[in-house]
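Asks: Here you go, entry.cif (mmCIF, C-alpha atoms and all ligand atoms):
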```cif
data_model
#
loop_
_atom_site.group_PDB
_atom_site.id
_atom_site.type_symbol
_atom_site.label_atom_id
_atom_site.label_comp_id
_atom_site.auth_asym_id
_atom_site.auth_seq_id
_atom_site.Cartn_x
_atom_site.Cartn_y
_atom_site.Cartn_z
ATOM 1 C CA MET A 175 -8.642 -24.171 -33.541
ATOM 2 C CA LEU A 176 -8.978 -21.943 -30.490
ATOM 3 C CA SER A 177 -9.276 -18.233 -31.122
ATOM 4 C CA TRP A 178 -7.223 -15.883 -28.919
ATOM 5 C CA LEU A 179 -10.341 -14.655 -27.157
ATOM 6 C CA GLN A 180 -11.886 -17.975 -26.176
ATOM 7 C CA PRO A 181 -11.733 -19.014 -22.514
ATOM 8 C CA PHE A 182 -9.517 -21.882 -21.397
ATOM 9 C CA PRO A 183 -11.478 -25.059 -22.273
ATOM 10 C CA ALA A 184 -13.274 -26.515 -19.231
ATOM 11 C CA ASP A 185 -12.102 -30.019 -20.106
ATOM 12 C CA PRO A 186 -11.104 -31.869 -16.900
ATOM 13 C CA VAL A 187 -8.309 -33.825 -18.610
ATOM 14 C CA LEU A 188 -6.821 -30.653 -20.105
ATOM 15 C CA VAL A 189 -7.120 -28.775 -16.797
ATOM 16 C CA VAL A 190 -5.397 -31.546 -14.799
ATOM 17 C CA ALA A 191 -2.700 -31.945 -17.471
ATOM 18 C CA SER A 192 -2.069 -28.191 -17.439
ATOM 19 C CA ALA A 193 -1.819 -28.137 -13.635
ATOM 20 C CA ALA A 194 0.737 -30.968 -13.878
ATOM 21 C CA GLY A 195 2.567 -29.004 -16.569
ATOM 22 C CA PHE A 196 2.760 -25.988 -14.270
ATOM 23 C CA ALA A 197 4.081 -28.235 -11.468
ATOM 24 C CA ALA A 198 6.925 -29.073 -13.886
ATOM 25 C CA VAL A 199 7.399 -25.344 -14.543
ATOM 26 C CA GLY A 200 7.583 -24.945 -10.751
ATOM 27 C CA SER A 201 10.270 -27.628 -10.638
ATOM 28 C CA PHE A 202 12.351 -25.591 -13.092
ATOM 29 C CA LEU A 203 11.718 -22.384 -11.102
ATOM 30 C CA GLY A 204 12.689 -24.166 -7.863
ATOM 31 C CA ALA A 205 16.046 -25.106 -9.358
ATOM 32 C CA ALA A 206 16.450 -21.565 -10.715
ATOM 33 C CA GLN A 207 15.755 -19.833 -7.379
ATOM 34 C CA ALA A 208 18.060 -22.227 -5.474
ATOM 35 C CA ARG A 209 20.959 -21.613 -7.857
ATOM 36 C CA LEU A 210 20.379 -17.863 -8.206
ATOM 37 C CA GLY A 211 20.062 -17.444 -4.430
ATOM 38 C CA ALA A 212 23.198 -19.517 -3.756
ATOM 39 C CA ALA A 213 25.156 -17.561 -6.371
ATOM 40 C CA ILE A 214 24.068 -14.181 -4.947
ATOM 41 C CA ASP A 215 24.937 -15.345 -1.412
ATOM 42 C CA GLY A 216 28.363 -16.441 -2.667
ATOM 43 C CA GLU A 217 27.869 -20.159 -1.881
ATOM 44 C CA SER A 218 29.833 -22.659 -3.937
ATOM 45 C CA THR A 219 27.101 -25.343 -4.016
ATOM 46 C CA TYR A 220 26.367 -25.021 -7.716
ATOM 47 C CA ALA A 221 29.590 -23.335 -8.813
ATOM 48 C CA ARG A 222 30.973 -24.450 -12.167
ATOM 49 C CA THR A 223 27.793 -26.300 -13.145
ATOM 50 C CA SER A 224 25.744 -24.983 -16.055
ATOM 51 C CA PHE A 225 22.113 -24.264 -15.273
ATOM 52 C CA TRP A 226 20.978 -25.239 -18.774
ATOM 53 C CA THR A 227 23.102 -28.322 -19.408
ATOM 54 C CA GLY A 228 24.141 -29.413 -15.901
ATOM 55 C CA ARG A 229 22.331 -32.306 -14.207
ATOM 56 C CA SER A 230 20.266 -31.740 -11.079
ATOM 57 C CA ILE A 231 22.340 -32.829 -8.093
ATOM 58 C CA CYS A 232 21.804 -33.367 -4.370
ATOM 59 C CA PRO A 233 23.623 -30.412 -2.729
ATOM 60 C CA ALA A 234 24.627 -32.687 0.182
ATOM 61 C CA CYS A 235 26.169 -35.717 -1.603
ATOM 62 C CA ARG A 236 26.309 -34.331 -5.174
ATOM 63 C CA ALA A 237 24.690 -37.499 -6.562
ATOM 64 C CA ALA A 238 23.060 -36.884 -9.948
ATOM 65 C CA LEU A 239 19.290 -36.975 -9.585
ATOM 66 C CA THR A 240 17.213 -39.050 -11.989
ATOM 67 C CA VAL A 241 13.592 -38.914 -13.090
ATOM 68 C CA ARG A 242 12.621 -40.939 -9.979
ATOM 69 C CA ASP A 243 13.915 -38.113 -7.765
ATOM 70 C CA LEU A 244 12.420 -35.297 -9.785
ATOM 71 C CA VAL A 245 8.693 -35.963 -10.246
ATOM 72 C CA PRO A 246 7.122 -32.745 -8.890
ATOM 73 C CA VAL A 247 5.826 -33.078 -5.306
ATOM 74 C CA VAL A 248 5.367 -36.879 -5.683
ATOM 75 C CA SER A 249 9.096 -37.693 -5.367
ATOM 76 C CA TRP A 250 9.470 -35.477 -2.323
ATOM 77 C CA LEU A 251 6.528 -37.181 -0.571
ATOM 78 C CA ALA A 252 7.444 -40.714 -1.728
ATOM 79 C CA LEU A 253 11.059 -40.366 -0.563
ATOM 80 C CA GLY A 254 9.998 -38.995 2.825
ATOM 81 C CA SER A 255 11.599 -35.571 2.114
ATOM 82 C CA ARG A 256 15.078 -37.153 2.083
ATOM 83 C CA CYS A 257 17.736 -37.711 -0.568
ATOM 84 C CA ARG A 258 17.506 -41.313 -1.898
ATOM 85 C CA HIS A 259 21.294 -41.514 -2.069
ATOM 86 C CA CYS A 260 22.574 -40.013 1.193
ATOM 87 C CA GLY A 261 19.456 -39.514 3.331
ATOM 88 C CA ALA A 262 20.055 -35.782 3.734
ATOM 89 C CA PRO A 263 16.807 -33.892 4.334
ATOM 90 C CA VAL A 264 15.472 -32.165 1.218
ATOM 91 C CA PRO A 265 13.931 -28.791 2.089
ATOM 92 C CA VAL A 266 10.243 -28.299 1.385
ATOM 93 C CA ASP A 267 11.149 -25.422 -0.992
ATOM 94 C CA TYR A 268 10.994 -27.370 -4.253
ATOM 95 C CA ALA A 269 7.752 -29.210 -3.484
ATOM 96 C CA ALA A 270 6.206 -25.933 -2.245
ATOM 97 C CA ILE A 271 7.059 -24.148 -5.520
ATOM 98 C CA GLU A 272 5.802 -27.110 -7.574
ATOM 99 C CA ALA A 273 2.517 -27.301 -5.662
ATOM 100 C CA GLY A 274 2.209 -23.501 -5.672
ATOM 101 C CA SER A 275 2.668 -23.359 -9.450
ATOM 102 C CA ALA A 276 -0.012 -26.008 -10.014
ATOM 103 C CA ALA A 277 -2.329 -24.115 -7.629
ATOM 104 C CA ALA A 278 -1.558 -20.859 -9.493
ATOM 105 C CA PHE A 279 -2.792 -22.438 -12.727
ATOM 106 C CA LEU A 280 -5.989 -23.716 -11.059
ATOM 107 C CA LEU A 281 -6.683 -20.260 -9.571
ATOM 108 C CA ALA A 282 -5.988 -18.579 -12.919
ATOM 109 C CA PHE A 283 -8.309 -21.042 -14.657
ATOM 110 C CA TRP A 284 -10.970 -20.424 -12.026
ATOM 111 C CA SER A 285 -10.736 -16.625 -12.322
ATOM 112 C CA GLY A 286 -11.290 -16.991 -16.080
ATOM 113 C CA GLY A 287 -10.465 -14.822 -19.102
ATOM 114 C CA PRO A 288 -9.165 -15.664 -22.571
ATOM 115 C CA TRP A 289 -6.939 -18.775 -22.480
ATOM 116 C CA PRO A 290 -3.656 -16.934 -23.243
ATOM 117 C CA VAL A 291 -4.406 -14.613 -20.288
ATOM 118 C CA VAL A 292 -5.110 -17.626 -18.042
ATOM 119 C CA LEU A 293 -1.720 -19.100 -18.987
ATOM 120 C CA ALA A 294 0.014 -15.737 -18.417
ATOM 121 C CA HIS A 295 -1.639 -15.422 -14.984
ATOM 122 C CA ALA A 296 -0.572 -18.968 -14.093
ATOM 123 C CA LEU A 297 3.027 -18.202 -15.085
ATOM 124 C CA LEU A 298 2.905 -15.009 -12.995
ATOM 125 C CA GLY A 299 1.734 -17.050 -9.984
ATOM 126 C CA ALA A 300 4.436 -19.684 -10.518
ATOM 127 C CA ILE A 301 7.247 -17.109 -10.670
ATOM 128 C CA LEU A 302 5.827 -15.255 -7.639
ATOM 129 C CA THR A 303 5.795 -18.540 -5.680
ATOM 130 C CA ALA A 304 9.505 -19.045 -6.422
ATOM 131 C CA LEU A 305 10.168 -15.431 -5.364
ATOM 132 C CA VAL A 306 8.291 -15.939 -2.078
ATOM 133 C CA VAL A 307 10.418 -18.985 -1.230
ATOM 134 C CA VAL A 308 13.763 -17.359 -2.048
ATOM 135 C CA ASP A 309 12.777 -14.166 -0.169
ATOM 136 C CA LEU A 310 11.772 -16.134 2.946
ATOM 137 C CA ARG A 311 14.996 -18.209 2.827
ATOM 138 C CA ARG A 312 17.509 -15.524 1.923
ATOM 139 C CA GLN A 313 15.782 -12.135 2.112
ATOM 140 C CA LEU A 314 16.500 -11.403 -1.514
ATOM 141 C CA LEU A 315 14.617 -11.280 -4.805
ATOM 142 C CA PRO A 316 16.918 -12.270 -7.717
ATOM 143 C CA ASP A 317 16.726 -9.910 -10.716
ATOM 144 C CA ALA A 318 16.683 -12.906 -13.064
ATOM 145 C CA LEU A 319 13.295 -13.933 -11.606
ATOM 146 C CA VAL A 320 11.849 -10.440 -11.034
ATOM 147 C CA TRP A 321 12.593 -8.704 -14.346
ATOM 148 C CA PRO A 322 10.940 -11.301 -16.663
ATOM 149 C CA LEU A 323 7.649 -10.308 -15.008
ATOM 150 C CA LEU A 324 7.855 -6.878 -16.683
ATOM 151 C CA PRO A 325 7.791 -8.015 -20.365
ATOM 152 C CA LEU A 326 5.317 -10.769 -19.402
ATOM 153 C CA GLY A 327 3.059 -8.140 -17.828
ATOM 154 C CA LEU A 328 3.283 -5.964 -20.931
ATOM 155 C CA LEU A 329 2.471 -9.014 -23.081
ATOM 156 C CA GLN A 330 -0.566 -9.708 -20.949
ATOM 157 C CA ALA A 331 -1.615 -6.042 -21.265
ATOM 158 C CA TRP A 332 -1.253 -6.306 -25.044
ATOM 159 C CA LEU A 333 -3.503 -9.387 -25.042
ATOM 160 C CA VAL A 334 -6.245 -7.473 -23.213
ATOM 161 C CA GLY A 335 -5.513 -4.322 -25.254
ATOM 162 C CA ASP A 336 -4.292 -1.973 -22.531
ATOM 163 C CA ILE A 337 -0.576 -1.282 -22.917
ATOM 164 C CA PRO A 338 -0.709 2.375 -21.665
ATOM 165 C CA ALA A 339 -2.242 1.292 -18.336
ATOM 166 C CA ALA A 340 0.498 -1.302 -17.908
ATOM 167 C CA VAL A 341 3.279 1.194 -18.599
ATOM 168 C CA ALA A 342 1.700 3.695 -16.187
ATOM 169 C CA GLY A 343 1.411 0.924 -13.566
ATOM 170 C CA ALA A 344 5.074 -0.036 -13.901
ATOM 171 C CA VAL A 345 6.255 3.575 -13.604
ATOM 172 C CA PHE A 346 3.905 4.402 -10.722
ATOM 173 C CA GLY A 347 4.484 1.137 -8.804
ATOM 174 C CA GLY A 348 8.263 1.266 -9.093
ATOM 175 C CA GLY A 349 8.401 5.017 -8.530
ATOM 176 C CA LEU A 350 6.197 4.947 -5.439
ATOM 177 C CA LEU A 351 8.184 2.201 -3.709
ATOM 178 C CA TRP A 352 11.474 3.823 -4.678
ATOM 179 C CA LEU A 353 10.226 7.012 -2.999
ATOM 180 C CA VAL A 354 9.112 5.155 0.145
ATOM 181 C CA ARG A 355 12.520 3.468 0.292
ATOM 182 C CA ALA A 356 14.356 6.794 -0.097
ATOM 183 C CA ILE A 357 12.257 8.515 2.589
ATOM 184 C CA HIS A 358 12.698 5.615 5.014
ATOM 185 C CA ARG A 359 16.463 5.689 4.509
ATOM 186 C CA ARG A 360 16.577 9.436 5.076
ATOM 187 C CA ILE A 361 14.525 9.316 8.285
ATOM 188 C CA ARG A 362 15.705 6.058 9.859
ATOM 189 C CA GLY A 363 19.218 6.001 8.428
ATOM 190 C CA ARG A 364 18.959 2.343 7.396
ATOM 191 C CA GLU A 365 17.316 0.257 4.762
ATOM 192 C CA GLY A 366 13.694 -0.648 5.466
ATOM 193 C CA LEU A 367 12.614 -1.687 1.995
ATOM 194 C CA GLY A 368 14.853 -3.721 -0.277
ATOM 195 C CA LEU A 369 15.637 -2.704 -3.842
ATOM 196 C CA GLY A 370 14.173 -6.080 -4.861
ATOM 197 C CA ASP A 371 10.773 -4.972 -3.523
ATOM 198 C CA VAL A 372 10.997 -1.787 -5.637
ATOM 199 C CA LYS A 373 11.797 -3.802 -8.784
ATOM 200 C CA LEU A 374 9.035 -6.309 -8.034
ATOM 201 C CA MET A 375 6.498 -3.502 -7.742
ATOM 202 C CA ALA A 376 7.697 -1.941 -11.019
ATOM 203 C CA ALA A 377 7.298 -5.280 -12.823
ATOM 204 C CA GLY A 378 4.058 -5.991 -10.955
ATOM 205 C CA GLY A 379 2.648 -2.584 -11.881
ATOM 206 C CA ALA A 380 2.564 -3.767 -15.503
ATOM 207 C CA TRP A 381 0.097 -6.484 -14.427
ATOM 208 C CA VAL A 382 -2.268 -4.431 -12.262
ATOM 209 C CA GLY A 383 -1.987 -0.918 -13.785
ATOM 210 C CA ALA A 384 -1.655 2.325 -11.799
ATOM 211 C CA ALA A 385 -5.137 1.871 -10.309
ATOM 212 C CA GLY A 386 -4.132 -1.518 -8.911
ATOM 213 C CA ILE A 387 -1.057 -0.300 -7.006
ATOM 214 C CA GLY A 388 -3.028 0.933 -3.977
ATOM 215 C CA PRO A 389 -4.997 -2.317 -3.572
ATOM 216 C CA VAL A 390 -1.791 -4.386 -3.987
ATOM 217 C CA LEU A 391 -0.012 -2.411 -1.234
ATOM 218 C CA LEU A 392 -3.053 -2.669 1.046
ATOM 219 C CA VAL A 393 -3.317 -6.444 0.616
ATOM 220 C CA ALA A 394 0.487 -6.763 0.952
ATOM 221 C CA ALA A 395 0.544 -4.760 4.205
ATOM 222 C CA LEU A 396 -2.382 -6.698 5.709
ATOM 223 C CA ALA A 397 -0.920 -10.065 4.666
ATOM 224 C CA THR A 398 2.505 -9.140 6.081
ATOM 225 C CA LEU A 399 0.981 -7.918 9.358
ATOM 226 C CA ALA A 400 -1.078 -11.101 9.659
ATOM 227 C CA ALA A 401 1.985 -13.290 8.983
ATOM 228 C CA VAL A 402 4.101 -11.350 11.505
ATOM 229 C CA GLY A 403 1.279 -11.582 14.057
ATOM 230 C CA ILE A 404 0.998 -15.335 13.637
ATOM 231 C CA ALA A 405 4.796 -15.768 13.785
ATOM 232 C CA TYR A 406 4.969 -13.569 16.896
ATOM 233 C CA LEU A 407 2.177 -15.461 18.662
ATOM 234 C CA SER A 408 3.749 -18.806 17.823
ATOM 235 C CA ARG A 409 7.022 -17.430 19.287
ATOM 236 C CA ARG A 410 8.988 -18.882 16.419
ATOM 237 C CA GLY A 411 9.021 -15.791 14.306
ATOM 238 C CA PRO A 412 11.213 -12.727 14.020
ATOM 239 C CA SER A 413 11.643 -10.332 16.876
ATOM 240 C CA LEU A 414 10.080 -6.966 16.177
ATOM 241 C CA ALA A 415 13.447 -5.367 15.399
ATOM 242 C CA SER A 416 14.474 -7.925 12.783
ATOM 243 C CA ARG A 417 13.990 -7.357 9.082
ATOM 244 C CA ILE A 418 10.649 -8.635 7.874
ATOM 245 C CA PRO A 419 10.616 -9.569 4.182
ATOM 246 C CA PHE A 420 7.926 -7.605 2.342
ATOM 247 C CA GLY A 421 8.335 -9.606 -0.902
ATOM 248 C CA PRO A 422 5.933 -12.421 0.067
ATOM 249 C CA GLY A 423 3.199 -9.899 0.944
ATOM 250 C CA LEU A 424 3.746 -8.011 -2.313
ATOM 251 C CA ALA A 425 3.655 -11.261 -4.288
ATOM 252 C CA PHE A 426 0.393 -12.286 -2.633
ATOM 253 C CA GLY A 427 -1.139 -8.840 -3.252
ATOM 254 C CA LEU A 428 -0.001 -8.780 -6.892
ATOM 255 C CA PHE A 429 -1.468 -12.183 -7.677
ATOM 256 C CA ALA A 430 -4.735 -11.491 -5.856
ATOM 257 C CA VAL A 431 -5.268 -8.089 -7.532
ATOM 258 C CA THR A 432 -4.207 -9.375 -10.979
ATOM 259 C CA LEU A 433 -6.730 -12.214 -10.804
ATOM 260 C CA PHE A 434 -9.585 -10.717 -8.828
ATOM 261 C CA GLY A 435 -8.899 -6.975 -8.542
HETATM 262 ZN ZN ZN B 1 22.202 -36.723 -1.301
#
```
If you convert what's in this file into structure tokens, what do you get?
Replies:
Amino acid sequence: MLSWLQPFPADPVLVVASAAGFAAVGSFLGAAQARLGAAIDGESTYARTSFWTGRSICPACRAALTVRDLVPVVSWLALGSRCRHCGAPVPVDYAAIEAGSAAAFLLAFWSGGPWPVVLAHALLGAILTALVVVDLRRQLLPDALVWPLLPLGLLQAWLVGDIPAAVAGAVFGGGLLWLVRAIHRRIRGREGLGLGDVKLMAAGGAWVGAAGIGPVLLVAALATLAAVGIAYLSRRGPSLASRIPFGPGLAFGLFAVTLFG
């Protein structure tokens, strides 16, 4: 029997199986972000279908999807990124979240720590991947995906025995971004930072502690600048006046500082 403090076993079969398990978690998160985003945007795609008991459907032809269509990443590649029933293109979103979740587990395993912490880190990375995709698509961060990160972060802090640091991180992270948002609104007269970013930083603060907030914001700012620079140079990206989502940068910074900070 594994004790709570032992590292995740370096057994190749177990590691590969866990990565596959997190790809399945990513599949679930992909469905969650698609439905939450559609509901918040007022689309009727998934209206009147239950998330928990409803079948997965193709949004284009509404055909019920079977196991063949739903193997993480593999189905998307094997079917040539199209629906098997109607040929409608299937966005890369689901496969990206599935692959990202598996990669999050491998990174968490690599960065080490007691096995429950490795699993918590992997789950953090999986949820952040789903948040990145929905923020890039719709410029929003659904509460139902952001807020679970707060109790999970506190649980992780309890595992490593540092609850006060986590609480301080949540208060400081959320408070600081709320202040930045308020000041920006006062000076510029419009919203520069979404409320979702404030909530994400409050929940994320529980993972990195107050001391981690600065490094997270630094990494987030650099990552966002780099992404905007690349998009600008490739001339496919946003014009400089358009709203640039900060969520992906924050997510990247949070995961990096949680694992390696
Ligand atoms: Zn279809």
Asks: Any chance you could tabulate, as a Markdown table, the residues of chain A at most 10 Å from ligand ZN 1 (chain B) with each one's nearest atom pair and distance in Å to one decimal, using only C-alpha atoms and all ligand atoms, in chain and rising number order?
Replies:
```
| residue | atom | partner | partner_atom | distance |
| --- | --- | --- | --- | --- |
| A:Ile231 | CA | B:ZN1 | ZN | 7.8 |
| A:Cys232 | CA | B:ZN1 | ZN | 4.6 |
| A:Pro233 | CA | B:ZN1 | ZN | 6.6 |
| A:Ala234 | CA | B:ZN1 | ZN | 4.9 |
| A:Cys235 | CA | B:ZN1 | ZN | 4.1 |
| A:Arg236 | CA | B:ZN1 | ZN | 6.1 |
| A:Ala237 | CA | B:ZN1 | ZN | 5.9 |
| A:Ala238 | CA | B:ZN1 | ZN | 8.7 |
| A:Leu239 | CA | B:ZN1 | ZN | 8.8 |
| A:Arg256 | CA | B:ZN1 | ZN | 7.9 |
| A:Cys257 | CA | B:ZN1 | ZN | 4.6 |
| A:Arg258 | CA | B:ZN1 | ZN | 6.6 |
| A:His259 | CA | B:ZN1 | ZN | 4.9 |
| A:Cys260 | CA | B:ZN1 | ZN | 4.1 |
| A:Gly261 | CA | B:ZN1 | ZN | 6.1 |
| A:Ala262 | CA | B:ZN1 | ZN | 5.6 |
| A:Pro263 | CA | B:ZN1 | ZN | 8.3 |
| A:Val264 | CA | B:ZN1 | ZN | 8.5 |
```
Asks: State, in Å with one decimal place, the distance from CA of Ala397 in chain A to CA of Phe426 in chain A.
Replies: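 Between these atoms lies a distance of 7.7 Å.
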Asks: Rounded to one decimal in Å, what is the spacing between CA of Val292 in chain A and CA of Gly427 in chain A?
Replies: 17.7 Å
Asks: Nearest residue to Leu428 in chain A out of A:Phe283, A:Trp289, A:Trp381, A:Phe225, using all atoms listed in the file?
Replies: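 Ranked by minimum distance to Leu428 in chain A, first place goes to A:Trp381.
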Asks: Produce a table with one row for each residue of range 253-347 of chain A that has an atom at most 10 Å from any atom of range 184-192 of chain A, each row naming the nearest atom pair and its distance in Å at one decimal; use all atoms listed in the file; arrange rows by chain and rising residue number; format as a tab-separated table.
Replies:
```
residue	atom	partner	partner_atom	distance
A:Ala276	CA	A:Ser192	CA	8.0
A:Phe279	CA	A:Ser192	CA	7.5
A:Leu280	CA	A:Val189	CA	7.7
A:Phe283	CA	A:Val189	CA	8.1
A:Trp284	CA	A:Ala184	CA	9.7
A:Leu293	CA	A:Ser192	CA	9.2
A:Ala296	CA	A:Ser192	CA	9.9
```
Asks: Could you tell me how far CA of Ile387 in chain A sits from CA of Glu272 in chain A, in Å to one decimal place?
Replies: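 Answer for the CA of Glu272 in chain A to CA of Ile387 in chain A separation: 27.7 Å.
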Asks: Translate the PyMOL selection byres (((chain A and resi 367-378) around 9) and not hetatm) into a concrete residue list for this structure, as an NGL selection string.
Replies: :A and (313-317 or 320-327 or 343-352 or 354-356 or 358-359 or 365-366 or 379-383 or 387 or 419-421 or 424-425 or 428-429 or 432)
Asks: Which residue out of A:Leu310, A:Ala339, A:Leu396, A:Ile301 has the minimum interatomic distance to Arg417 in chain A when all atoms listed in the file are used?
Replies: A:Leu310
Asks: Would you compute, for all listed atoms of range 395-405 of chain A, the axis-aligned bounding box grown by 8 Å on each side, and then report its centre and edge lengths in Å rounded to one decimal, as JSON?
Replies:
```
{"center_x": 1.2, "center_y": -10.3, "center_z": 9.1, "size_x": 23.2, "size_y": 27.0, "size_z": 25.9}
```
Asks: Tell me which protein, DNA and RNA residues are within 7 Å of Gly299 in chain A, counting only C-alpha atoms, leaving out same-chain ones fewer than 3 positions away, and put them as a list in words.
Replies: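 So, after excluding close chain neighbours, the residues are Ser275, Ala278, His295, Ala296, Leu302, Thr303 and Phe429 of chain A.
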Asks: Closest to Ala384 in chain A among A:Ile357, A:Ile337, A:Ala304, A:Ile418, using all atoms listed in the file?
Replies: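 Answer, going by the shortest atom-to-atom distance: A:Ile337.
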Asks: With N, CA and C atoms as the goal, would you fill in the gaps in range 378-403 of chain A and present it as a JSON list (two decimals), keeping the file's coordinate frame?
Replies:
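Produced file result10.json, reproduced below:
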```json
[["chain", "number", "residue", "atom", "x", "y", "z"],
["A", 378, "GLY", "N", 5.43, -5.65, -11.29],
["A", 378, "GLY", "CA", 4.06, -5.99, -10.96],
["A", 378, "GLY", "C", 3.06, -4.93, -11.41],
["A", 379, "GLY", "N", 3.52, -3.66, -11.44],
["A", 379, "GLY", "CA", 2.65, -2.58, -11.88],
["A", 379, "GLY", "C", 2.15, -2.80, -13.29],
["A", 380, "ALA", "N", 2.97, -3.48, -14.13],
["A", 380, "ALA", "CA", 2.56, -3.77, -15.50],
["A", 380, "ALA", "C", 1.37, -4.73, -15.53],
["A", 381, "TRP", "N", 1.21, -5.52, -14.47],
["A", 381, "TRP", "CA", 0.10, -6.48, -14.43],
["A", 381, "TRP", "C", -1.18, -5.85, -13.91],
["A", 382, "VAL", "N", -1.07, -4.93, -12.93],
["A", 382, "VAL", "CA", -2.27, -4.43, -12.26],
["A", 382, "VAL", "C", -2.63, -3.01, -12.69],
["A", 383, "GLY", "N", -1.72, -2.30, -13.39],
["A", 383, "GLY", "CA", -1.99, -0.92, -13.78],
["A", 383, "GLY", "C", -1.86, 0.02, -12.59],
["A", 384, "ALA", "N", -1.83, 1.34, -12.87],
["A", 384, "ALA", "CA", -1.66, 2.33, -11.80],
["A", 384, "ALA", "C", -2.77, 2.22, -10.76],
["A", 385, "ALA", "N", -4.00, 1.94, -11.24],
["A", 385, "ALA", "CA", -5.14, 1.87, -10.31],
["A", 385, "ALA", "C", -5.04, 0.68, -9.37],
["A", 386, "GLY", "N", -4.24, -0.32, -9.75],
["A", 386, "GLY", "CA", -4.13, -1.52, -8.91],
["A", 386, "GLY", "C", -3.06, -1.42, -7.85],
["A", 387, "ILE", "N", -2.19, -0.39, -7.93],
["A", 387, "ILE", "CA", -1.06, -0.30, -7.01],
["A", 387, "ILE", "C", -1.53, -0.16, -5.56],
["A", 388, "GLY", "N", -2.52, 0.73, -5.33],
["A", 388, "GLY", "CA", -3.03, 0.93, -3.98],
["A", 388, "GLY", "C", -3.57, -0.37, -3.38],
["A", 389, "PRO", "N", -4.49, -1.05, -4.09],
["A", 389, "PRO", "CA", -5.00, -2.32, -3.57],
["A", 389, "PRO", "C", -3.89, -3.34, -3.31],
["A", 390, "VAL", "N", -2.88, -3.42, -4.19],
["A", 390, "VAL", "CA", -1.79, -4.39, -3.99],
["A", 390, "VAL", "C", -1.07, -4.08, -2.67],
["A", 391, "LEU", "N", -0.76, -2.78, -2.44],
["A", 391, "LEU", "CA", -0.01, -2.41, -1.23],
["A", 391, "LEU", "C", -0.85, -2.66, 0.02],
["A", 392, "LEU", "N", -2.17, -2.42, -0.10],
["A", 392, "LEU", "CA", -3.05, -2.67, 1.05],
["A", 392, "LEU", "C", -3.08, -4.16, 1.40],
["A", 393, "VAL", "N", -3.30, -5.00, 0.38],
["A", 393, "VAL", "CA", -3.32, -6.44, 0.62],
["A", 393, "VAL", "C", -1.96, -6.91, 1.13],
["A", 394, "ALA", "N", -0.86, -6.37, 0.55],
["A", 394, "ALA", "CA", 0.49, -6.76, 0.95],
["A", 394, "ALA", "C", 0.74, -6.42, 2.42],
["A", 395, "ALA", "N", 0.32, -5.20, 2.82],
["A", 395, "ALA", "CA", 0.54, -4.76, 4.20],
["A", 395, "ALA", "C", -0.26, -5.62, 5.18],
["A", 396, "LEU", "N", -1.54, -5.89, 4.82],
["A", 396, "LEU", "CA", -2.38, -6.70, 5.71],
["A", 396, "LEU", "C", -1.85, -8.13, 5.81],
["A", 397, "ALA", "N", -1.43, -8.70, 4.66],
["A", 397, "ALA", "CA", -0.92, -10.06, 4.67],
["A", 397, "ALA", "C", 0.36, -10.15, 5.48],
["A", 398, "THR", "N", 1.24, -9.14, 5.34],
["A", 398, "THR", "CA", 2.50, -9.14, 6.08],
["A", 398, "THR", "C", 2.24, -9.00, 7.57],
["A", 399, "LEU", "N", 1.33, -8.09, 7.94],
["A", 399, "LEU", "CA", 0.98, -7.92, 9.36],
["A", 399, "LEU", "C", 0.42, -9.21, 9.94],
["A", 400, "ALA", "N", -0.48, -9.86, 9.18],
["A", 400, "ALA", "CA", -1.08, -11.10, 9.66],
["A", 400, "ALA", "C", 0.00, -12.16, 9.87],
["A", 401, "ALA", "N", 0.93, -12.28, 8.89],
["A", 401, "ALA", "CA", 1.98, -13.29, 8.98],
["A", 401, "ALA", "C", 2.90, -13.00, 10.17],
["A", 402, "VAL", "N", 3.24, -11.72, 10.38],
["A", 402, "VAL", "CA", 4.10, -11.35, 11.50],
["A", 402, "VAL", "C", 3.38, -11.64, 12.82],
["A", 403, "GLY", "N", 2.07, -11.32, 12.85],
["A", 403, "GLY", "CA", 1.28, -11.58, 14.06],
["A", 403, "GLY", "C", 1.27, -13.06, 14.42]]
```
